[in-house]
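As provided, my_file_27.txt (compact mmCIF, C-alpha atoms) reads as follows.
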```
# COMPACT_ATOMS: atom_id res chain seq x y z
CA MET A 1335 -87.66 -122.02 192.25
CA ILE A 1336 -87.84 -121.79 188.52
CA ARG A 1337 -84.84 -120.15 186.96
CA LYS A 1338 -85.39 -118.80 183.49
CA ASN A 1339 -82.96 -119.66 180.80
CA ALA A 1340 -80.50 -116.98 179.74
CA GLU A 1341 -81.00 -116.26 176.06
CA GLY A 1342 -78.05 -117.02 173.83
CA LYS A 1343 -75.58 -118.06 176.48
CA HIS A 1344 -76.95 -121.51 177.06
CA ALA A 1345 -78.89 -124.15 175.19
CA ARG A 1346 -82.65 -124.50 175.27
CA TYR A 1347 -83.18 -128.00 174.01
CA GLY A 1348 -86.52 -128.73 172.44
CA MET A 1349 -88.28 -131.21 170.22
CA LEU A 1350 -90.74 -131.17 167.34
CA ILE A 1351 -92.85 -134.23 166.61
CA ASP A 1352 -94.64 -134.57 163.27
CA LEU A 1353 -97.82 -136.48 164.10
CA ASP A 1354 -98.53 -137.09 160.42
CA ARG A 1355 -95.36 -139.15 160.15
CA CYS A 1356 -95.79 -141.13 163.38
CA ASP A 1357 -97.30 -144.55 162.68
CA GLY A 1358 -97.24 -145.70 166.29
CA CYS A 1359 -94.56 -148.37 165.86
CA GLY A 1360 -93.15 -147.80 169.35
CA ALA A 1361 -89.47 -147.85 168.32
CA CYS A 1362 -88.98 -144.66 170.36
CA MET A 1363 -90.25 -146.39 173.50
CA VAL A 1364 -87.87 -149.31 173.03
CA ALA A 1365 -84.90 -147.08 172.23
CA CYS A 1366 -85.68 -144.95 175.28
CA ALA A 1367 -85.81 -147.96 177.59
CA VAL A 1368 -82.54 -149.35 176.26
CA GLU A 1369 -80.77 -146.00 176.42
CA ASN A 1370 -81.95 -145.05 179.88
CA ASN A 1371 -81.63 -148.40 181.66
CA ILE A 1372 -85.36 -148.80 182.13
CA PRO A 1373 -85.90 -152.41 183.24
CA PRO A 1374 -88.34 -154.72 181.42
CA GLY A 1375 -91.85 -154.67 182.83
CA ARG A 1376 -92.46 -156.95 185.79
CA PRO A 1377 -95.12 -159.65 185.45
CA GLY A 1378 -98.49 -158.03 185.97
CA ALA A 1379 -97.26 -154.51 185.26
CA ASN A 1380 -99.83 -152.36 183.54
CA ALA A 1381 -99.94 -148.89 182.03
CA ARG A 1382 -99.97 -147.37 185.50
CA THR A 1383 -97.36 -149.52 187.26
CA GLY A 1384 -95.00 -150.14 184.34
CA LEU A 1385 -92.12 -147.84 183.52
CA ASN A 1386 -92.09 -145.81 180.33
CA TRP A 1387 -90.51 -142.42 179.88
CA ILE A 1388 -92.22 -142.05 176.54
CA LYS A 1389 -95.62 -143.46 175.69
CA VAL A 1390 -97.26 -143.57 172.28
CA HIS A 1391 -101.01 -143.07 172.60
CA ARG A 1392 -103.53 -143.89 169.90
CA ILE A 1393 -105.95 -141.01 169.42
CA GLU A 1394 -109.30 -141.51 167.72
CA THR A 1395 -110.14 -138.40 165.79
CA GLY A 1396 -113.30 -139.52 164.06
CA GLY A 1397 -111.59 -140.38 160.81
CA ARG A 1398 -107.90 -141.04 160.61
CA PRO A 1399 -106.45 -142.27 163.93
CA ALA A 1400 -103.37 -140.46 165.13
CA PHE A 1401 -100.49 -141.61 167.29
CA LEU A 1402 -99.25 -139.25 169.92
CA PRO A 1403 -95.85 -139.83 171.56
CA ILE A 1404 -95.79 -138.13 174.96
CA MET A 1405 -92.77 -137.76 177.18
CA CYS A 1406 -91.79 -134.98 179.57
CA GLN A 1407 -92.68 -131.81 177.71
CA GLN A 1408 -89.84 -129.86 179.41
CA CYS A 1409 -92.02 -126.95 180.54
CA GLU A 1410 -90.20 -123.71 181.25
CA ASP A 1411 -92.76 -120.99 181.95
CA GLU A 1412 -94.63 -122.73 184.74
CA THR A 1413 -93.11 -126.05 185.71
CA PRO A 1414 -95.66 -127.78 187.95
CA CYS A 1415 -93.37 -130.62 189.05
CA VAL A 1416 -90.65 -128.19 190.18
CA GLU A 1417 -93.19 -126.09 192.04
CA VAL A 1418 -94.64 -128.94 194.08
CA CYS A 1419 -91.57 -131.02 194.92
CA PRO A 1420 -90.97 -130.80 198.68
CA GLN A 1421 -87.46 -132.21 198.28
CA ASN A 1422 -85.94 -129.93 195.65
CA ALA A 1423 -85.53 -133.14 193.69
CA VAL A 1424 -86.78 -131.54 190.48
CA GLU A 1425 -85.13 -128.57 188.88
CA LEU A 1426 -85.04 -126.66 185.64
CA ASP A 1427 -81.46 -126.55 184.40
CA PRO A 1428 -80.71 -123.03 183.14
CA ALA A 1429 -77.88 -124.38 181.00
CA THR A 1430 -80.07 -126.72 178.97
CA GLY A 1431 -83.70 -125.95 179.76
CA VAL A 1432 -84.12 -129.59 180.72
CA VAL A 1433 -86.27 -130.43 183.72
CA GLY A 1434 -84.10 -132.73 185.78
CA GLN A 1435 -85.11 -135.38 188.29
CA ILE A 1436 -82.68 -136.33 191.04
CA PRO A 1437 -83.71 -139.79 192.27
CA GLN A 1438 -81.44 -139.70 195.32
CA ARG A 1439 -83.40 -136.76 196.66
CA CYS A 1440 -86.85 -138.03 195.72
CA LEU A 1441 -88.86 -139.40 198.65
CA GLY A 1442 -91.52 -140.94 196.44
CA CYS A 1443 -94.45 -138.78 197.48
CA ARG A 1444 -95.62 -138.61 193.83
CA TYR A 1445 -96.85 -135.07 194.21
CA CYS A 1446 -95.13 -134.29 190.90
CA VAL A 1447 -96.87 -137.21 189.21
CA THR A 1448 -100.17 -135.68 190.21
CA ALA A 1449 -99.10 -132.17 189.25
CA CYS A 1450 -97.86 -133.05 185.76
CA PRO A 1451 -100.65 -132.25 183.28
CA TYR A 1452 -99.02 -134.48 180.65
CA HIS A 1453 -98.85 -137.68 182.73
CA ALA A 1454 -95.17 -137.81 181.81
CA ARG A 1455 -93.88 -138.98 185.17
CA VAL A 1456 -93.74 -142.58 186.34
CA PHE A 1457 -93.24 -144.09 189.76
CA ASN A 1458 -90.79 -146.91 190.31
CA TRP A 1459 -92.85 -149.55 192.11
CA GLY A 1460 -90.12 -152.17 192.31
CA ASP A 1461 -86.37 -152.67 192.34
CA PRO A 1462 -84.94 -152.48 188.83
CA GLU A 1463 -84.24 -156.03 187.67
CA TRP A 1464 -82.90 -157.37 184.43
CA PRO A 1465 -82.95 -161.00 183.24
CA ALA A 1466 -79.61 -162.76 183.76
CA GLY A 1467 -77.09 -161.63 181.16
CA MET A 1468 -79.08 -158.59 180.13
CA GLU A 1469 -77.32 -156.44 182.71
CA LYS A 1470 -74.39 -156.46 180.28
CA THR A 1471 -76.42 -154.25 177.98
CA LEU A 1472 -76.80 -151.52 180.60
CA ASN A 1473 -75.75 -148.07 179.50
CA PRO A 1474 -72.87 -146.85 181.70
CA LEU A 1475 -73.82 -143.23 181.03
CA VAL A 1476 -77.11 -143.60 182.89
CA SER A 1477 -77.57 -144.68 186.49
CA PRO A 1478 -80.54 -147.00 187.15
CA ARG A 1479 -83.10 -145.64 189.58
CA MET A 1480 -84.02 -147.38 192.79
CA ARG A 1481 -87.42 -148.50 194.00
CA GLY A 1482 -89.71 -145.86 195.43
CA VAL A 1483 -88.71 -142.85 193.35
CA VAL A 1484 -90.22 -140.99 190.42
CA GLU A 1485 -88.44 -140.94 187.08
CA LYS A 1486 -88.98 -139.24 183.77
CA CYS A 1487 -87.54 -138.25 180.41
CA ASN A 1488 -84.59 -135.88 180.59
CA PHE A 1489 -83.85 -135.61 176.85
CA CYS A 1490 -81.22 -138.36 177.17
CA HIS A 1491 -79.05 -136.69 179.71
CA GLY A 1492 -76.36 -139.37 179.38
CA ARG A 1493 -75.94 -138.52 175.72
CA TRP A 1494 -75.65 -134.86 176.62
CA HIS A 1495 -72.90 -135.74 179.10
CA ALA A 1496 -71.08 -137.77 176.46
CA ALA A 1497 -71.38 -134.94 173.94
CA ARG A 1498 -69.92 -132.48 176.44
CA GLU A 1499 -67.03 -134.80 177.17
CA LYS A 1500 -66.35 -135.18 173.46
CA ALA A 1501 -66.57 -131.40 172.93
CA ALA A 1502 -64.05 -130.81 175.72
CA ALA A 1503 -61.71 -133.44 174.28
CA ASP A 1504 -61.95 -131.72 170.90
CA GLY A 1505 -60.89 -128.36 172.28
CA SER A 1506 -64.09 -126.63 173.40
CA THR A 1507 -64.87 -125.93 177.05
CA GLY A 1508 -67.77 -128.39 177.02
CA ASN A 1509 -69.84 -125.86 178.96
CA GLY A 1510 -71.76 -124.30 176.08
CA PRO A 1511 -74.45 -125.82 173.90
CA VAL A 1512 -73.46 -129.12 172.33
CA ASN A 1513 -74.97 -131.10 169.50
CA TYR A 1514 -76.49 -134.42 170.37
CA VAL A 1515 -79.58 -136.45 169.56
CA PRO A 1516 -81.79 -138.33 172.05
CA ALA A 1517 -82.31 -142.04 171.51
CA CYS A 1518 -85.97 -141.75 170.50
CA VAL A 1519 -85.20 -139.22 167.78
CA GLU A 1520 -82.40 -141.40 166.48
CA ALA A 1521 -84.55 -144.52 166.48
CA CYS A 1522 -87.69 -143.12 164.81
CA PRO A 1523 -87.85 -144.91 161.44
CA ALA A 1524 -90.33 -142.37 160.06
CA GLY A 1525 -88.18 -139.36 160.92
CA ALA A 1526 -91.12 -137.93 162.83
CA MET A 1527 -89.04 -136.44 165.64
CA ALA A 1528 -86.63 -133.53 165.43
CA PHE A 1529 -84.41 -132.32 168.24
CA GLY A 1530 -82.36 -129.17 168.58
CA ASP A 1531 -81.49 -125.99 170.39
CA LEU A 1532 -84.30 -123.44 170.44
CA ASN A 1533 -81.81 -120.75 171.42
CA ASP A 1534 -79.97 -121.28 168.15
CA PRO A 1535 -81.83 -119.17 165.55
CA ASP A 1536 -80.28 -121.17 162.71
CA SER A 1537 -81.25 -124.63 163.94
CA ALA A 1538 -83.74 -126.55 161.83
CA LEU A 1539 -85.91 -126.96 164.90
CA THR A 1540 -86.09 -123.23 165.62
CA ARG A 1541 -86.97 -122.49 162.00
CA ALA A 1542 -89.63 -125.19 161.92
CA VAL A 1543 -91.21 -123.95 165.14
CA ALA A 1544 -91.04 -120.34 163.94
CA ALA A 1545 -92.77 -121.35 160.70
CA GLY A 1546 -95.95 -121.37 162.72
CA GLU A 1547 -97.37 -124.84 162.17
CA ALA A 1548 -96.18 -126.18 165.51
CA PHE A 1549 -98.41 -126.29 168.56
CA ARG A 1550 -97.96 -127.40 172.13
CA LEU A 1551 -100.10 -129.68 174.25
CA LEU A 1552 -102.47 -128.01 176.70
CA ASP A 1553 -101.12 -124.60 175.76
CA LEU A 1554 -103.86 -122.90 177.74
CA LEU A 1555 -102.16 -124.03 180.96
CA GLN A 1556 -99.25 -121.74 180.06
CA THR A 1557 -96.63 -124.22 181.20
CA GLY A 1558 -94.53 -123.31 178.17
CA PRO A 1559 -93.34 -126.76 177.03
CA LYS A 1560 -90.32 -127.03 174.76
CA THR A 1561 -91.82 -130.05 173.05
CA PHE A 1562 -93.80 -129.09 169.97
CA TYR A 1563 -96.11 -131.09 167.72
CA LYS A 1564 -97.36 -130.49 164.22
CA THR A 1565 -99.98 -131.95 161.94
CA ALA A 1566 -101.62 -130.90 158.70
CA PHE A 1567 -104.95 -132.35 159.79
CA ALA A 1568 -107.29 -130.07 161.73
CA ALA A 1569 -109.12 -133.05 163.23
CA VAL A 1570 -105.90 -134.50 164.62
CA ARG A 1571 -104.87 -131.19 166.05
CA LYS A 1572 -108.26 -130.74 167.63
CA GLY A 1573 -108.06 -134.24 169.08
CA VAL A 1574 -104.67 -133.92 170.72
CA ALA A 1575 -103.91 -130.27 171.42
CA GLY A 1576 -106.37 -129.75 174.26
CA GLU A 1577 -107.36 -126.38 172.83
CA ARG A 1578 -110.67 -124.74 173.57
CA ASP A 1579 -113.06 -124.05 170.75
CA ALA A 1580 -113.04 -120.39 169.88
CA MET D 1338 -56.48 -130.14 240.78
CA ASP D 1339 -60.06 -131.04 241.32
CA ARG D 1340 -60.57 -134.77 240.89
CA GLY D 1341 -63.73 -134.18 238.86
CA VAL D 1342 -61.81 -132.18 236.27
CA LEU D 1343 -59.24 -134.94 235.98
CA VAL D 1344 -61.88 -137.60 235.51
CA PHE D 1345 -63.66 -135.47 232.91
CA GLY D 1346 -60.37 -134.77 231.11
CA ALA D 1347 -59.42 -138.43 231.06
CA GLY D 1348 -62.84 -139.45 229.82
CA PHE D 1349 -62.79 -136.75 227.16
CA ALA D 1350 -59.33 -137.80 225.98
CA LEU D 1351 -60.44 -141.42 225.88
CA ALA D 1352 -63.54 -140.59 223.85
CA VAL D 1353 -61.58 -138.46 221.39
CA ALA D 1354 -58.92 -141.12 221.00
CA ALA D 1355 -61.58 -143.76 220.39
CA GLY D 1356 -63.20 -141.46 217.80
CA TRP D 1357 -59.98 -140.86 215.92
CA LEU D 1358 -58.39 -144.28 216.17
CA ILE D 1359 -61.07 -146.93 216.55
CA LEU D 1360 -64.18 -145.58 214.83
CA PRO D 1361 -62.77 -145.36 211.27
CA GLY D 1362 -61.98 -149.07 211.43
CA VAL D 1363 -65.62 -149.73 212.26
CA PHE D 1364 -66.80 -147.82 209.19
CA TYR D 1365 -64.08 -148.69 206.69
CA ALA D 1366 -62.50 -152.00 205.71
CA LYS D 1367 -58.91 -151.81 204.52
CA VAL D 1368 -58.20 -153.76 201.34
CA GLU D 1369 -54.64 -154.21 200.12
CA GLN D 1370 -53.64 -153.67 196.49
CA PRO D 1371 -52.60 -156.82 194.60
CA LEU D 1372 -49.02 -155.56 194.13
CA ALA D 1373 -46.67 -153.03 195.64
CA PHE D 1374 -46.28 -150.12 193.23
CA SER D 1375 -44.22 -146.95 193.47
CA HIS D 1376 -45.38 -143.89 191.57
CA GLU D 1377 -42.23 -142.15 192.74
CA ALA D 1378 -40.00 -144.68 190.96
CA HIS D 1379 -41.81 -143.93 187.71
CA THR D 1380 -42.27 -140.16 187.96
CA GLN D 1381 -39.02 -139.15 189.66
CA THR D 1382 -36.47 -141.88 188.96
CA GLY D 1383 -38.02 -142.81 185.64
CA GLY D 1384 -38.85 -139.21 184.70
CA MET D 1385 -42.31 -140.07 183.41
CA ALA D 1386 -45.36 -137.80 183.38
CA CYS D 1387 -48.83 -138.80 184.59
CA GLU D 1388 -50.24 -138.92 181.06
CA ASP D 1389 -47.57 -141.37 179.89
CA CYS D 1390 -49.58 -144.12 181.61
CA HIS D 1391 -52.93 -142.48 182.41
CA GLY D 1392 -54.05 -141.22 179.03
CA PHE D 1393 -57.14 -140.49 176.98
CA ARG D 1394 -58.79 -142.81 174.49
CA ASP D 1395 -59.46 -141.64 170.94
CA ASP D 1396 -63.10 -140.82 171.77
CA GLY D 1397 -62.03 -138.35 174.46
CA SER D 1398 -62.79 -140.58 177.44
CA PHE D 1399 -60.18 -141.18 180.10
CA ALA D 1400 -58.56 -144.60 180.16
CA GLY D 1401 -57.74 -144.60 183.89
CA ILE D 1402 -55.36 -147.24 185.17
CA PRO D 1403 -53.13 -148.61 182.39
CA THR D 1404 -53.71 -152.11 181.08
CA LEU D 1405 -51.22 -154.93 181.42
CA GLU D 1406 -50.28 -154.43 177.77
CA GLN D 1407 -49.20 -150.84 178.46
CA CYS D 1408 -47.13 -151.89 181.49
CA ALA D 1409 -45.61 -154.77 179.56
CA SER D 1410 -44.33 -152.45 176.85
CA CYS D 1411 -41.59 -151.50 179.34
CA HIS D 1412 -41.77 -154.39 181.79
CA ALA D 1413 -41.66 -157.40 179.46
CA GLU D 1414 -38.58 -158.22 181.50
CA ALA D 1415 -37.72 -156.75 184.88
CA VAL D 1416 -36.23 -153.26 184.56
CA GLY D 1417 -35.18 -152.92 188.18
CA THR D 1418 -34.32 -155.29 190.98
CA THR D 1419 -37.27 -155.01 193.36
CA GLU D 1420 -39.17 -158.04 194.57
CA SER D 1421 -42.53 -156.56 193.59
CA GLU D 1422 -41.38 -156.02 190.01
CA ARG D 1423 -40.09 -159.58 189.78
CA LYS D 1424 -43.46 -160.79 191.04
CA PHE D 1425 -45.27 -158.53 188.55
CA VAL D 1426 -43.27 -159.83 185.58
CA GLU D 1427 -43.47 -163.49 186.54
CA GLU D 1428 -47.01 -163.71 187.85
CA TYR D 1429 -48.75 -161.16 185.67
CA VAL D 1430 -46.85 -160.15 182.53
CA LYS D 1431 -45.66 -163.62 181.55
CA LEU D 1432 -49.01 -165.22 182.37
CA GLY D 1433 -50.97 -162.44 180.67
CA ARG D 1434 -52.96 -161.84 183.85
CA GLU D 1435 -54.33 -158.34 184.50
CA PRO D 1436 -53.64 -157.11 188.05
CA GLN D 1437 -56.94 -156.26 189.72
CA TRP D 1438 -55.95 -152.80 190.87
CA LEU D 1439 -58.25 -151.14 193.36
CA VAL D 1440 -59.28 -147.61 192.38
CA TYR D 1441 -59.22 -145.03 195.17
CA SER D 1442 -61.09 -142.52 193.02
CA ARG D 1443 -63.94 -144.72 191.75
CA GLN D 1444 -67.02 -142.52 191.98
CA PRO D 1445 -70.53 -143.74 192.85
CA ASP D 1446 -72.60 -144.90 189.89
CA ASN D 1447 -74.71 -141.76 189.83
CA ALA D 1448 -71.75 -139.39 189.60
CA TRP D 1449 -70.46 -138.36 186.20
CA PHE D 1450 -66.88 -137.16 186.15
CA PRO D 1451 -65.26 -136.65 182.75
CA HIS D 1452 -61.53 -135.94 182.73
CA ALA D 1453 -61.51 -134.09 179.39
CA PRO D 1454 -63.29 -130.85 180.50
CA HIS D 1455 -61.16 -130.68 183.63
CA VAL D 1456 -57.75 -131.63 182.29
CA LYS D 1457 -57.94 -130.52 178.65
CA ALA D 1458 -60.40 -127.63 178.66
CA ALA D 1459 -59.76 -126.15 182.13
CA GLY D 1460 -56.11 -127.20 182.29
CA LEU D 1461 -56.28 -128.46 185.86
CA PRO D 1462 -53.21 -130.37 187.04
CA CYS D 1463 -53.82 -133.94 188.20
CA GLU D 1464 -52.75 -132.92 191.70
CA SER D 1465 -55.76 -130.64 192.19
CA CYS D 1466 -57.91 -133.72 192.81
CA HIS D 1467 -55.47 -136.59 193.27
CA GLY D 1468 -53.10 -134.74 195.60
CA ASP D 1469 -49.54 -136.01 195.76
CA HIS D 1470 -50.52 -139.55 194.77
CA GLY D 1471 -48.14 -139.33 191.81
CA GLN D 1472 -45.18 -138.83 194.16
CA SER D 1473 -46.06 -141.61 196.59
CA ASN D 1474 -43.65 -144.46 197.11
CA SER D 1475 -46.21 -147.12 197.97
CA LEU D 1476 -49.90 -147.81 197.49
CA ARG D 1477 -51.85 -147.40 200.68
CA PRO D 1478 -54.70 -149.84 201.33
CA LEU D 1479 -58.04 -148.87 199.84
CA GLU D 1480 -60.50 -147.96 202.55
CA VAL D 1481 -63.94 -149.24 201.62
CA ASN D 1482 -67.09 -148.12 203.38
CA ARG D 1483 -68.54 -151.32 204.83
CA ILE D 1484 -72.11 -150.34 204.01
CA SER D 1485 -71.96 -148.43 200.72
CA GLY D 1486 -68.85 -150.05 199.27
CA TYR D 1487 -67.54 -146.63 198.23
CA SER D 1488 -63.93 -145.61 198.61
CA ARG D 1489 -63.18 -143.33 201.53
CA ASP D 1490 -61.51 -140.95 199.09
CA VAL D 1491 -64.82 -140.13 197.42
CA MET D 1492 -67.22 -140.48 200.34
CA GLY D 1493 -66.27 -139.60 203.87
CA ARG D 1494 -63.49 -137.83 205.61
CA PRO D 1495 -60.12 -138.02 203.85
CA SER D 1496 -57.74 -140.25 205.72
CA GLY D 1497 -54.80 -137.95 206.27
CA PRO D 1498 -52.84 -137.80 209.51
CA LEU D 1499 -55.27 -137.38 212.42
CA GLY D 1500 -58.12 -137.25 209.91
CA LEU D 1501 -56.91 -133.92 208.53
CA ARG D 1502 -57.52 -133.08 204.89
CA ARG D 1503 -54.96 -134.15 202.34
CA ALA D 1504 -54.22 -131.91 199.40
CA GLY D 1505 -56.81 -132.24 196.65
CA GLY D 1506 -59.89 -134.30 197.09
CA MET D 1507 -62.49 -136.22 195.15
CA ARG D 1508 -65.57 -135.84 197.31
CA MET D 1509 -68.65 -133.97 196.18
CA ASP D 1510 -67.75 -131.14 198.57
CA ASP D 1511 -64.44 -130.74 196.78
CA CYS D 1512 -66.17 -130.65 193.38
CA VAL D 1513 -68.74 -128.11 194.56
CA ARG D 1514 -66.14 -125.85 196.19
CA CYS D 1515 -64.14 -125.60 192.98
CA HIS D 1516 -67.17 -125.25 190.69
CA ALA D 1517 -68.74 -122.55 192.84
CA GLY D 1518 -65.45 -120.65 192.84
CA ALA D 1519 -65.32 -120.82 189.05
CA ASP D 1520 -68.97 -119.72 188.70
CA LEU D 1521 -69.92 -123.10 187.26
CA ARG D 1522 -72.99 -123.68 189.37
CA HIS D 1523 -75.70 -124.97 187.09
CA SER D 1524 -77.72 -127.91 188.25
CA CYS D 1525 -77.46 -131.31 189.93
CA LEU D 1526 -77.60 -133.09 186.61
CA ASP D 1527 -74.47 -131.30 185.46
CA CYS D 1528 -72.50 -133.90 187.33
CA HIS D 1529 -75.08 -136.51 188.26
CA LYS D 1530 -76.58 -139.08 185.96
```
Structure re-expressed in structure tokens:
Amino acid sequence: MIRKNAEGKHARYGMLIDLDRCDGCGACMVACAVENNIPPGRPGANARTGLNWIKVHRIETGGRPAFLPIMCQQCEDETPCVEVCPQNAVELDPATGVVGQIPQRCLGCRYCVTACPYHARVFNWGDPEWPAGMEKTLNPLVSPRMRGVVEKCNFCHGRWHAAREKAAADGSTGNGPVNYVPACVEACPAGAMAFGDLNDPDSALTRAVAAGEAFRLLDLLQTGPKTFYKTAFAAVRKGVAGERDA
Amino acid sequence: MDRGVLVFGAGFALAVAAGWLILPGVFYAKVEQPLAFSHEAHTQTGGMACEDCHGFRDDGSFAGIPTLEQCASCHAEAVGTTESERKFVEEYVKLGREPQWLVYSRQPDNAWFPHAPHVKAAGLPCESCHGDHGQSNSLRPLEVNRISGYSRDVMGRPSGPLGLRRAGGMRMDDCVRCHAGADLRHSCLDCHK
């Protein structure tokens, strides 16, 4: 079941990506893999069988090409992956608005992969393996996923955990909204990605989204993503937004 | 008495006894700690508090079992007369060798348990999860699940007398019971990573 997020009491984490700043360098993909213990691609892995929680697509718009980073869009109105999961392995966290994936419950049916209109979910075709010595770089805040389960972006859940722990150590309860930044946002050299709490009316993200330039992918599906995009170019917006011509 | 009842009773008693006494040994391997250690000697005789040795780091994370350096700040030379302390000073402190303590409470990799929200924010006493471990006079062997490698304290039935529950607990059921009681039921990823 989808549980709607209580306004004000909890966080509603969201993201805004400025497509005009993104030059497709892929630093977000690398930072994501390092942060979330995503193993290097196996020999022969391709776009379908490799693991990426965030993918940067090149979009031809007729003139200027655009680069479109896509990760889990964190839908909250209609969350297709939550609806279809037979295992209750996917849930919408009312405290954060983040769509969570629980690999220990996942049976690998990939129904959610099919249901996701954003192609944001990936299936783990093999055991996670790191070259000798590289296991020392694993992030202790994130547990690697086993073979045969689906995984996806969760807005750097390990960083959220760490921020809560720090907040509690500093005297808060650690249960309310906390400030943290996902790895991709931190790594973006162009400053194209912004992250924040959409329930906080004063956050830069909320103000930027309210300013009206932001749009969401495939808005007509009414999934209600919390990931927003913006561009000043009509051709780019037409190429990526999936909107119908009026 | 009917012979059939007797046979059934004897068989039942045998099965129950086998379940209580033999089966746990099939599931769990007992591993001894590297040294004998008495919490009681430190907390009662020595008058120390839990946090004197098990403290927080500057970043708010919990340091867990103290390092050799912390122990050596008092035990550079033997303070008492016990054999285990003499062994500790000679074989560990003087050689600069860290004892490889076994952790009863080590959680599975996918569980996230921060001490700060529980101890600092919620003010829970250590005993609410760790029971009377701080008053124990010796370290019991760590019971390791032969398949998963997890401690019996975090997965499986607590090993009290006759398999009864000890005070406290560090299994997921114990976490959920307390969180549900405190209306802290959010999502799986609250505590899983």
Quick one: residues within 12 Å of Thr1383 of chain A, all atoms listed in the file counted, chain neighbours fewer than 4 positions away excluded, as a list in words?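 In the requested form, the answer reads Pro1374, Gly1375, Arg1376, Pro1377, Gly1378, Ala1379, Arg1455, Val1456, Phe1457, Asn1458, Trp1459, Gly1460, Gly1482 and Val1484 of chain A.
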For chain A against chain D, which residues fall within 10 Å using only C-alpha atoms, given as a PyMOL selection string? chain A and resi 1423-1430+1432-1438+1474-1479+1488+1490-1492+1494-1509
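Take atom CA of Leu1358 of chain D and atom CA of Arg1477 of chain D: the distance between them is 17.1 Å.
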Within 8 Å of Cys1487 of chain A, counting all atoms listed in the file, which residues show up once you throw out same-chain ones fewer than 2 positions away? Write them as a CSV table (one decimal) with C-alpha atoms, keeping the file's coordinate frame, please.
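Below is the file that was written, result.csv:
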```
chain,number,residue,atom,x,y,z
A,1387,TRP,CA,-90.5,-142.4,179.9
A,1388,ILE,CA,-92.2,-142.0,176.5
A,1405,MET,CA,-92.8,-137.8,177.2
A,1406,CYS,CA,-91.8,-135.0,179.6
A,1454,ALA,CA,-95.2,-137.8,181.8
A,1455,ARG,CA,-93.9,-139.0,185.2
A,1485,GLU,CA,-88.4,-140.9,187.1
A,1489,PHE,CA,-83.8,-135.6,176.8
A,1490,CYS,CA,-81.2,-138.4,177.2
```
Could you check which of A:Asn1380, A:Ala1345, A:Glu1577, A:Ala1568 is closest to Gln1556 of chain A, using all atoms listed in the file? A:Glu1577
Measuring between all atoms listed in the file, which one of D:Cys1387, D:Ile1484, D:Ala1354, D:Cys1466 shows the shortest distance to Asp1510 of chain D?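 Result for the nearest residue to Asp1510 of chain D: D:Cys1466.
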Just want the 12 Å neighbourhood of Ala1386 of chain D, counted on all atoms listed in the file, with same-chain residues fewer than 5 positions away dropped. Output as a CSV table (one decimal) with C-alpha atoms, in the coordinates of the input.
```csv
chain,number,residue,atom,x,y,z
D,1376,HIS,CA,-45.4,-143.9,191.6
D,1377,GLU,CA,-42.2,-142.2,192.7
D,1378,ALA,CA,-40.0,-144.7,191.0
D,1379,HIS,CA,-41.8,-143.9,187.7
D,1380,THR,CA,-42.3,-140.2,188.0
D,1381,GLN,CA,-39.0,-139.2,189.7
D,1391,HIS,CA,-52.9,-142.5,182.4
D,1392,GLY,CA,-54.0,-141.2,179.0
D,1462,PRO,CA,-53.2,-130.4,187.0
D,1463,CYS,CA,-53.8,-133.9,188.2
D,1471,GLY,CA,-48.1,-139.3,191.8
D,1472,GLN,CA,-45.2,-138.8,194.2
```
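Atom CA of Gly1417 of chain D is found 18.9 Å from atom CA of Asp1389 of chain D.
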Name all residues at most 6 Å from Met1349 of chain A (count only C-alpha atoms; drop same-chain ones fewer than 5 positions away) and give them as a PyMOL selection string. chain A and resi 1528-1529+1561-1562
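Contact shell of segment 1442-1444 of chain D at 9 Å (all atoms listed in the file; same-chain neighbours under 3 positions omitted): Leu1439, Asn1447, Ala1448, Trp1449, Phe1450, His1467, Tyr1487, Ser1488, Arg1489, Asp1490, Val1491, Met1492, Met1507 and Arg1508 of chain D.
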Dump as a PDB file, in the coordinates of the input, selection limited to C-alpha atoms:
```pdb
ATOM      1  CA  LEU D1439     -58.250-151.140 193.360  1.00  0.00           C
ATOM      2  CA  ASN D1447     -74.710-141.760 189.830  1.00  0.00           C
ATOM      3  CA  ALA D1448     -71.750-139.390 189.600  1.00  0.00           C
ATOM      4  CA  TRP D1449     -70.460-138.360 186.200  1.00  0.00           C
ATOM      5  CA  PHE D1450     -66.880-137.160 186.150  1.00  0.00           C
ATOM      6  CA  HIS D1467     -55.470-136.590 193.270  1.00  0.00           C
ATOM      7  CA  TYR D1487     -67.540-146.630 198.230  1.00  0.00           C
ATOM      8  CA  SER D1488     -63.930-145.610 198.610  1.00  0.00           C
ATOM      9  CA  ARG D1489     -63.180-143.330 201.530  1.00  0.00           C
ATOM     10  CA  ASP D1490     -61.510-140.950 199.090  1.00  0.00           C
ATOM     11  CA  VAL D1491     -64.820-140.130 197.420  1.00  0.00           C
ATOM     12  CA  MET D1492     -67.220-140.480 200.340  1.00  0.00           C
ATOM     13  CA  MET D1507     -62.490-136.220 195.150  1.00  0.00           C
ATOM     14  CA  ARG D1508     -65.570-135.840 197.310  1.00  0.00           C
TER      15      ARG D1508
END
```
Distance in Å - atom CA of Leu1385 of chain A versus atom CA of Ala1526 of chain A: 23.0 Å
